[in-house]
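K.L.:
Compact mmCIF, C-alpha atoms, file entry-v7.txt:
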```txt
# COMPACT_ATOMS: atom_id res chain seq x y z
CA ALA A 100 119.46 107.93 100.27
CA ALA A 101 120.63 106.35 97.02
CA ASP A 102 123.65 104.62 98.60
CA LEU A 103 121.51 103.18 101.39
CA ALA A 104 118.93 101.99 98.85
CA ASP A 105 121.68 100.30 96.82
CA ARG A 106 123.02 98.53 99.91
CA MET A 107 119.53 97.37 100.85
CA ALA A 108 118.94 96.05 97.33
CA GLU A 109 122.26 94.20 97.41
CA SER A 110 121.50 92.66 100.80
CA TYR A 111 117.88 91.71 100.27
CA GLY A 112 117.58 91.38 96.50
CA ASP A 113 114.53 92.38 94.52
CA PHE A 114 111.36 92.49 96.57
CA ASP A 115 108.74 90.08 95.28
CA PRO A 116 105.28 91.28 96.35
CA SER A 117 103.50 88.20 94.96
CA GLY A 118 103.35 86.62 98.43
CA TRP A 119 101.39 89.58 99.77
CA GLU A 120 97.74 90.26 99.12
CA PRO A 121 95.40 92.97 100.32
CA PRO A 122 92.92 91.86 102.98
CA ASP A 123 89.48 90.62 101.99
CA HIS A 124 88.11 93.60 103.91
CA TRP A 125 89.18 96.10 106.55
CA LEU A 126 87.71 95.60 110.01
CA PRO A 127 85.31 98.42 110.89
CA ALA A 128 84.47 99.66 114.36
CA THR A 129 82.33 96.80 115.62
CA THR A 130 82.02 94.28 118.43
CA VAL A 131 83.13 90.66 118.17
CA PRO A 132 80.50 88.57 120.03
CA LEU A 133 82.69 86.29 122.13
CA ARG A 134 82.15 85.09 125.69
CA HIS A 135 83.80 88.36 126.69
CA PRO A 136 82.83 90.67 123.79
CA LEU A 137 85.70 92.50 122.13
CA ARG A 138 85.21 96.02 120.84
CA VAL A 139 87.14 96.57 117.59
CA VAL A 140 88.69 100.05 117.43
CA PRO A 141 90.43 101.00 114.14
CA THR A 142 93.83 102.55 114.90
CA PRO A 143 95.60 103.18 111.57
CA GLY A 144 99.17 104.47 111.57
CA HIS A 145 101.60 101.60 112.06
CA THR A 146 99.67 100.00 109.20
CA ARG A 147 96.55 101.12 107.36
CA GLY A 148 94.26 98.43 108.76
CA HIS A 149 95.57 98.22 112.31
CA VAL A 150 92.96 97.71 115.03
CA VAL A 151 92.98 97.23 118.77
CA TYR A 152 90.56 95.03 120.69
CA VAL A 153 89.02 96.27 123.93
CA ASP A 154 87.52 93.90 126.48
CA GLU A 155 85.44 96.48 128.32
CA SER A 156 84.03 94.03 130.87
CA ARG A 157 87.50 93.10 132.14
CA GLY A 158 89.31 96.38 131.46
CA LEU A 159 91.77 95.01 128.90
CA MET A 160 93.17 96.33 125.63
CA PHE A 161 94.84 93.99 123.14
CA SER A 162 96.90 96.74 121.52
CA GLY A 163 98.83 94.85 118.85
CA ASP A 164 101.64 97.11 117.63
CA HIS A 165 99.70 100.33 118.25
CA VAL A 166 100.82 100.80 121.86
CA LEU A 167 104.02 99.03 122.89
CA PRO A 168 105.47 99.27 126.41
CA ARG A 169 109.18 99.71 125.59
CA ILE A 170 109.52 100.75 121.96
CA THR A 171 107.65 102.77 119.37
CA PRO A 172 106.19 100.96 116.36
CA SER A 173 107.69 101.66 112.96
CA ILE A 174 105.86 104.38 111.02
CA GLY A 175 105.99 104.87 107.25
CA PHE A 176 107.31 101.40 106.42
CA GLU A 177 104.27 99.86 104.75
CA LEU A 178 104.91 99.42 101.03
CA GLY A 179 103.08 101.98 98.94
CA GLU A 180 101.44 103.58 101.95
CA PRO A 181 99.63 106.73 100.85
CA GLY A 182 98.81 109.73 102.96
CA ARG A 183 100.31 110.63 106.32
CA PRO A 184 100.90 107.50 108.45
CA LEU A 185 102.31 109.44 111.43
CA ARG A 186 99.36 111.83 111.43
CA ASP A 187 97.06 108.80 111.41
CA TYR A 188 99.08 107.21 114.22
CA LEU A 189 98.98 110.31 116.41
CA ASP A 190 95.24 110.64 115.81
CA SER A 191 94.82 106.98 116.76
CA LEU A 192 96.81 107.49 119.96
CA ALA A 193 94.60 110.45 120.83
CA LEU A 194 91.54 108.29 120.17
CA VAL A 195 92.75 105.72 122.69
CA THR A 196 92.89 108.41 125.39
CA THR A 197 89.15 108.98 124.92
CA LEU A 198 88.44 105.35 125.83
CA PRO A 199 88.35 104.15 129.46
CA ASP A 200 91.84 103.34 130.73
CA THR A 201 92.65 99.63 130.57
CA ARG A 202 95.40 97.15 131.25
CA LEU A 203 97.74 97.10 128.23
CA LEU A 204 98.22 93.73 126.52
CA PRO A 205 100.69 94.49 123.70
CA ALA A 206 101.99 92.41 120.80
CA HIS A 207 105.55 92.81 122.12
CA GLY A 208 106.75 93.21 125.69
CA PRO A 209 105.18 92.92 129.12
CA THR A 210 101.67 93.90 130.10
CA THR A 211 101.30 97.17 132.00
CA PRO A 212 98.48 98.40 134.24
CA SER A 213 97.62 101.59 132.32
CA THR A 214 97.25 102.04 128.57
CA HIS A 215 96.76 105.80 129.01
CA THR A 216 100.09 106.22 130.81
CA ARG A 217 102.01 104.66 127.94
CA VAL A 218 100.01 106.56 125.30
CA LYS A 219 100.92 109.86 126.96
CA GLU A 220 104.59 108.83 126.88
CA LEU A 221 104.33 108.00 123.17
CA LEU A 222 102.65 111.32 122.37
CA ALA A 223 105.39 113.18 124.27
CA HIS A 224 108.07 111.17 122.43
CA HIS A 225 106.68 112.16 119.04
CA ASP A 226 106.38 115.80 120.11
CA ASN A 227 110.10 115.66 120.93
CA ARG A 228 110.94 113.99 117.62
CA LEU A 229 108.98 116.60 115.71
CA ALA A 230 110.93 119.34 117.51
CA GLU A 231 114.25 117.59 116.80
CA ALA A 232 113.42 117.19 113.11
CA GLU A 233 112.33 120.82 112.93
CA ASN A 234 115.59 121.91 114.54
CA ALA A 235 117.60 119.78 112.07
CA LEU A 236 116.11 121.83 109.23
CA THR A 237 118.04 124.84 110.52
CA THR A 238 121.36 123.00 110.02
CA GLY A 239 120.99 122.93 106.25
CA ALA A 240 119.74 119.34 106.08
CA HIS A 241 116.72 119.17 103.78
CA ASP A 242 115.94 115.55 102.85
CA GLY A 243 114.86 112.56 104.90
CA HIS A 244 118.27 110.89 104.89
CA SER A 245 120.31 113.93 105.87
CA ILE A 246 117.86 114.95 108.58
CA ALA A 247 117.76 111.39 109.98
CA SER A 248 121.56 111.51 110.19
CA HIS A 249 121.29 114.54 112.51
CA LEU A 250 119.14 112.61 115.00
CA THR A 251 119.92 109.86 117.47
CA TRP A 252 118.00 106.61 117.56
CA THR A 253 116.57 104.12 120.06
CA ASN A 254 116.33 104.85 123.77
CA ARG A 255 120.13 104.54 123.90
CA SER A 256 120.64 107.55 121.58
CA VAL A 257 122.55 105.57 118.94
CA ARG A 258 124.05 107.65 116.13
CA PHE A 259 122.50 107.15 112.70
CA GLU A 260 125.79 105.97 111.19
CA ASP A 261 126.03 103.25 113.87
CA LEU A 262 122.71 101.68 112.83
CA ASN A 263 122.72 98.77 110.40
CA ASP A 264 121.29 99.33 106.93
CA PHE A 265 117.83 97.97 107.77
CA ASN A 266 117.47 100.25 110.80
CA GLN A 267 118.83 103.20 108.82
CA MET A 268 116.06 102.56 106.31
CA LEU A 269 113.47 102.54 109.13
CA ALA A 270 115.00 105.74 110.52
CA VAL A 271 114.76 107.53 107.17
CA ASN A 272 111.14 106.41 106.69
CA GLU A 273 110.19 107.59 110.17
CA THR A 274 112.01 110.89 109.72
CA ILE A 275 110.06 111.56 106.53
CA ALA A 276 106.84 110.71 108.37
CA HIS A 277 107.72 113.33 111.01
CA LEU A 278 108.67 115.89 108.37
CA ASP A 279 105.34 115.40 106.63
CA VAL A 280 103.52 116.13 109.90
CA LEU A 281 105.61 119.31 110.27
CA VAL A 282 104.41 120.30 106.78
CA ASP A 283 100.80 119.60 107.79
CA ARG A 284 101.27 121.81 110.85
CA ASN A 285 102.87 124.64 108.83
CA ARG A 286 106.17 124.12 110.65
CA ALA A 287 108.01 123.17 107.43
CA ASN A 288 107.67 123.61 103.68
CA LEU A 289 107.86 120.81 101.13
CA SER A 290 109.06 121.03 97.53
CA GLU A 291 110.73 118.68 95.05
CA VAL A 292 114.37 119.13 94.06
CA ASN A 293 115.78 116.78 91.42
CA GLY A 294 113.03 114.26 92.18
CA VAL A 295 113.72 114.25 95.94
CA ALA A 296 111.40 115.60 98.63
CA HIS A 297 113.02 118.80 99.94
CA TYR A 298 112.00 120.21 103.34
CA THR A 299 112.78 123.74 104.50
CA PRO A 300 111.83 125.89 107.50
CA PRO A 301 108.68 127.98 106.94
CA ASN A 302 109.15 131.42 105.47
```
Would you kindly transcribe this structure into structure tokens?
P.N.:
Amino acid sequence: AADLADRMAESYGDFDPSGWEPPDHWLPATTVPLRHPLRVVPTPGHTRGHVVYVDESRGLMFSGDHVLPRITPSIGFELGEPGRPLRDYLDSLALVTTLPDTRLLPAHGPTTPSTHTRVKELLAHHDNRLAEAENALTTGAHDGHSIASHLTWTNRSVRFEDLNDFNQMLAVNETIAHLDVLVDRNRANLSEVNGVAHYTPPN
């Protein structure tokens, strides 16, 4: 995605990380002793330190960006993120299904009566995206950019080339996150070709 990276650099300039600092500490699984106690549940994936807050007495979940009612949160965007953010995100979604169902109070969008209903939709969405990325490997596309260009985006099925540069960047990051999960699940192989991650169907 060298051309896309060049366009992003031209549009946004050099990124200055000096305004960003790591947190003093990551929130563990704990309870915040308020009038209505909030259970802190770590849900990494969208970001490393993401948490949700559960008000068990009133059946509420403050889900932040972990569970959104109309869109999926970006995955693989955090600068320097190690590991497998989509794997972490899917594990965190599965964790939420083990909690009592609650009313969803998200960071973006309207509240909904059932967190579990939306989580099941998100899990199904990512299953579909994994299958689409896996299928794209059979077309001869082998890197994040070329595979992303074989997929459609948003709930309106927008073509990759019709996205603006910023959303193309998000699409490539999220495609790589899906490809890495395919590698973890032995549904794709990963190698390096000329310094670029190269994905192929399993032997």
K.L.:
Which polymer residues have any atom within 7 Å of an atom of region 166-180 of chain A, counting all atoms listed in the file, with same-chain residues fewer than 4 positions away left out, as number ranges by chain?
P.N.:
A: 144-146, 162, 184-185, 205, 207-209, 217-218, 269, 272-273, 276
K.L.:
Tell me, in Å to one decimal, how far CA of His297 (chain A) is from CA of Leu103 (chain A).
P.N.:
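CA of His297 (chain A) sits 17.8 Å away from CA of Leu103 (chain A).
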K.L.:
Got a sec to check which residues sit within 9 Å of (86.2, 97.3, 110.5), counting all atoms listed in the file, and write them as an NGL selection string?
P.N.:
:A and (124-129 or 139-141 or 148 or 150)
K.L.:
May I ask which of the residues A:Leu281, A:Ala100, A:Met160, A:Leu289 is the closest one to Arg228 (chain A), counting all atoms listed in the file?
P.N.:
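Smallest distance to Arg228 (chain A) is found for A:Leu281.
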K.L.:
Work out how far apart CA of Pro122 (chain A) and CA of Val153 (chain A) are and give it in Å to one decimal.
P.N.:
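It comes out at 21.8 Å.
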K.L.:
Expressed in Å to a single decimal, how great is the separation between CA of Val292 (chain A) and CA of Leu236 (chain A)?
P.N.:
15.5 Å
K.L.:
Identify which of the residues A:Ala101, A:Ala108, A:Leu194, A:Leu189 lies closest to Gly243 (chain A), counting only C-alpha atoms when measuring atom-to-atom distances.
P.N.:
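That would be A:Ala101, the residue with the smallest distance to Gly243 (chain A).
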